[in-house]
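Just below is one structure, and these are the notes that go with it.
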Amino acid sequence: MKKLSTLFAAVALMLVASFTASAVENSYKVGNGKVTVTISDLAPNADGTALIACYNIDVAADAIDECSSLVITPLVRDNNNNKKLIEMIVVNGQSRKVNTEWLQRVCYDVCDPNNVRFFTLKEGEALHVKTCTQVPYEEWMEDGAAFYITTQKATYKPNCIHNYPGEEYICDIPYLSEPLVVDPVLAPVPMEANLEGTRVLRTKLYYPVNVTKKVDNYLENAEALALLNTLDKGNFEVTSVAIEGWASPEATVPYNQNLSINRAKTVKNIIAEQYNFPQDVYSVKGNGEYWDSVIDYVDNTDEPIVAENRAAIQEAIAANGDLDKREAAIKKIAGGKPYKAIFDAVYPRSRFAEAVVTFKNKGYNRTDALSLYEQDPANLSADEYVLLIQDDAPQDVVDAAVKLYPNDARVAAAAAAKAYEDGNIDKAIELYKNAGNTEEVMNNLACCYLKKGDYENAKACLEKAENVKSAATNANELRKVYLNNKFFSK
């Protein structure tokens, strides 16, 4: 059995967008021009078991004489005269004082009494009747059914009811055999990205023990060198290059000081050989032994032998300002086992030179931005992340952007759109909630709620997005599935 569905393109002339002024095409004159039918929704419910019918009926003040009644019957009918009455609306003339039992009996014989309503015209006033209901599906409705209005006049002395002018066609009701598909449309969220201004890039080149020359493939050196290779891009204007070298604590302080300065010089030469930067942009410094990592490791590691002797190691560090004596004191603890653990875990990454490059970023280049990211996600500004996400960045880049800039509405909006496209609707909702309260964001939240089947929240968001072009489209999508007689109308 086919289910009721809707093809809004086919009935565009009869539907009124929820957030725009009603158009004349969805209003129809019947009843000798005295009755106006305005359709606000004619659509199936979500599971195709009923037809939603929402309309307004306006009866002119002079539609009938004061001693008669007008009987208005909306119905669904096919070409084989199968029909289903939606309701009967009885409008009594303002001065009619005749007993209505006969007319009630006539109406109740053909329509469920619960669906019959009686009204009385007031002098000089039109009558406005609003209806929003569901008509249960019947098999004959699956092809060729249409919406009609029958207008009849009831008179008294003698009691009779006759067509006035009778049944009048309003519009076809479209059906689809396939299940209903909701296809909301996101609105572009304006997000400017300003790449002008000073930026800082940090990168480290590591060295094996006692080595000061460049070793291309040692630890993360390949990535560091690749990052340095981006400095000649046209969108970078380098203003300073500060280089500091370090050595691990083994050997003597003077020896390590010499290692550190030579390591810094090596990085300076790598950059200077590639780029024609003025010499005054460089500063080169050797800092000797790098103890920060040792201290941090001792304070926080769970490695058993170091953790067991943590207090003794900390005391040796605090008591010896002379770095050679400090190292010697640590070597004596527990037969040198803690020192060996520290040596293996920390020393290889204590031999490095770090370059801090200050530059002006004059434009966006995806490859350059990803190179900066791969070295350190913090190298990128929120502006660059916004552009990268819009440029189909990998998911790890999107996650880093959200983590680094949780309060940037642009980052949130860009990340939300990607989550939506990837089908992660819950994540998209979470992100859009941090993307501000613009009409575009509200429209896009409505799209997310439509996808989830949360029609109440979808409706609430769309009401805040009335000036967004795609909001009307999404309102039509909402009409397809909005249940429980809670529908849009003007």
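Residues are referred to by chain and number: the chain letter is A, B, ... according to the order shown in the structure tokens, the number counts from 1 in that chain, and ligands are numbered separately from 1 in the order shown.
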Identify, on the basis of only C-alpha atoms, every residue whose closest approach to range 323-329 of chain A does not exceed 12 Å; exclude the query and any residue fewer than 2 positions from it along the same chain; express the result as a ChimeraX atom specification.
-> /A:248-257,288-291,294-295,312-321,331-336,338-340,342-343
Same residues, C-alpha atoms, output as a short mmCIF file (atom, residue, chain, number, x, y, z; two decimals), in the first residue's frame:
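selection36.cif was written with the following content:
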```cif
data_model
loop_
_atom_site.label_atom_id
_atom_site.label_comp_id
_atom_site.auth_asym_id
_atom_site.auth_seq_id
_atom_site.Cartn_x
_atom_site.Cartn_y
_atom_site.Cartn_z
CA SER A 248 71.87 17.42 27.64
CA PRO A 249 73.50 17.44 31.10
CA GLU A 250 76.13 14.69 30.59
CA ALA A 251 79.72 15.98 30.14
CA THR A 252 80.97 19.24 31.68
CA VAL A 253 79.22 22.58 31.76
CA PRO A 254 81.84 24.33 29.53
CA TYR A 255 81.70 21.51 27.00
CA ASN A 256 77.93 21.62 26.89
CA GLN A 257 77.92 25.39 26.55
CA GLY A 288 74.23 25.23 27.87
CA GLU A 289 72.56 22.35 29.69
CA TYR A 290 68.79 21.81 29.45
CA TRP A 291 67.50 20.75 32.88
CA VAL A 294 64.86 16.45 33.70
CA ILE A 295 63.11 18.29 36.53
CA ALA A 312 66.37 12.04 46.91
CA ILE A 313 66.69 13.18 43.30
CA GLN A 314 64.73 16.36 43.98
CA GLU A 315 66.97 17.12 46.94
CA ALA A 316 70.11 16.62 44.83
CA ILE A 317 68.75 19.02 42.22
CA ALA A 318 67.77 21.69 44.75
CA ALA A 319 71.03 21.48 46.72
CA ASN A 320 73.41 21.84 43.79
CA GLY A 321 73.50 25.03 41.77
CA LYS A 331 74.49 9.39 39.63
CA LYS A 332 75.20 8.25 43.22
CA ILE A 333 71.55 7.61 44.09
CA ALA A 334 70.50 3.92 44.16
CA GLY A 335 73.60 2.76 42.35
CA GLY A 336 72.99 5.01 39.36
CA PRO A 338 67.55 6.40 38.50
CA TYR A 339 70.17 8.36 36.53
CA LYS A 340 70.17 5.69 33.81
CA ILE A 342 66.47 9.68 33.31
CA PHE A 343 69.29 9.50 30.75
#
```
Pick from A:Asp172, A:Glu123, A:Asp296, A:Asp391: nearest to Asp62 in chain A, with only C-alpha atoms counted?
-> A:Glu123
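Distances to Phe118 in chain A were evaluated for A:Leu70, A:Ala224, A:Ile39, A:Val357 using only C-alpha atoms, and the minimum falls at A:Leu70.
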Which residue out of A:Ala146, A:Ala465, A:Val211, A:Ile389 has the minimum interatomic distance to Glu168 in chain A when only C-alpha atoms are used?
-> A:Ala146
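The coordinates place CA of Thr473 in chain A at 10.4 Å from CA of Asn443 in chain A.
Look at range 76-80 of chain A: the protein and nucleic acid residues within 7 Å of it, using only C-alpha atoms and passing over chain neighbours fewer than 4 places away, are Lys84, Leu85, Met141, Gly144, Ala145, Ala146, Phe147 and Tyr148 of chain A.
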Env of Arg310 in chain A: 10 Å cut, atoms = only C-alpha atoms, seq-sep filter 6 positions within chain, self excluded. Answer as a PDB file with N, CA and C atoms, in the first residue's frame.
```pdb
ATOM      1  N   TYR A 297      60.397  15.572  34.456  1.00  0.00           N
ATOM      2  CA  TYR A 297      60.304  14.110  34.443  1.00  0.00           C
ATOM      3  C   TYR A 297      60.391  13.552  35.855  1.00  0.00           C
ATOM      4  N   VAL A 298      61.327  14.033  36.628  1.00  0.00           N
ATOM      5  CA  VAL A 298      61.491  13.560  38.005  1.00  0.00           C
ATOM      6  C   VAL A 298      60.226  13.844  38.819  1.00  0.00           C
ATOM      7  N   ASP A 299      59.658  15.005  38.634  1.00  0.00           N
ATOM      8  CA  ASP A 299      58.487  15.405  39.425  1.00  0.00           C
ATOM      9  C   ASP A 299      57.219  14.629  39.058  1.00  0.00           C
ATOM     10  N   ASN A 300      57.135  14.126  37.842  1.00  0.00           N
ATOM     11  CA  ASN A 300      55.845  13.606  37.377  1.00  0.00           C
ATOM     12  C   ASN A 300      55.838  12.170  36.873  1.00  0.00           C
ATOM     13  N   THR A 301      56.981  11.554  36.664  1.00  0.00           N
ATOM     14  CA  THR A 301      56.991  10.229  36.054  1.00  0.00           C
ATOM     15  C   THR A 301      56.482   9.133  36.993  1.00  0.00           C
ATOM     16  N   PRO A 304      59.159   3.308  37.815  1.00  0.00           N
ATOM     17  CA  PRO A 304      59.313   2.822  39.195  1.00  0.00           C
ATOM     18  C   PRO A 304      60.586   3.277  39.908  1.00  0.00           C
ATOM     19  N   ALA A 316      68.816  16.434  45.511  1.00  0.00           N
ATOM     20  CA  ALA A 316      70.109  16.616  44.834  1.00  0.00           C
ATOM     21  C   ALA A 316      70.049  17.772  43.850  1.00  0.00           C
ATOM     22  N   PRO A 338      68.434   5.284  38.874  1.00  0.00           N
ATOM     23  CA  PRO A 338      67.546   6.400  38.500  1.00  0.00           C
ATOM     24  C   PRO A 338      68.167   7.287  37.422  1.00  0.00           C
TER      25      PRO A 338
END
```
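The gap separating CA of Ala222 in chain A from CA of Pro278 in chain A is 25.5 Å, in Å to one decimal.
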Nearest residue to Gly286 in chain A from the set A:Cys447, A:Ala353, A:Met191, A:Leu388 (distances using only C-alpha atoms) = A:Ala353
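Distance check against Ala393 in chain A using only C-alpha atoms: of A:Arg202, A:Asn81, A:Ala414, A:Asn114, the minimum falls on A:Ala414.
Per DSSP on the backbone, strand (DSSP E) in range 217-315 of chain A comprises Phe236, Glu237, Val238, Thr239, Ser240, Val241, Ala242, Ile243, Glu244, Gly245, Trp246, Ala247, Tyr282, Ser283, Val284, Lys285, Gly286, Asn287, Gly288 and Glu289 of chain A.
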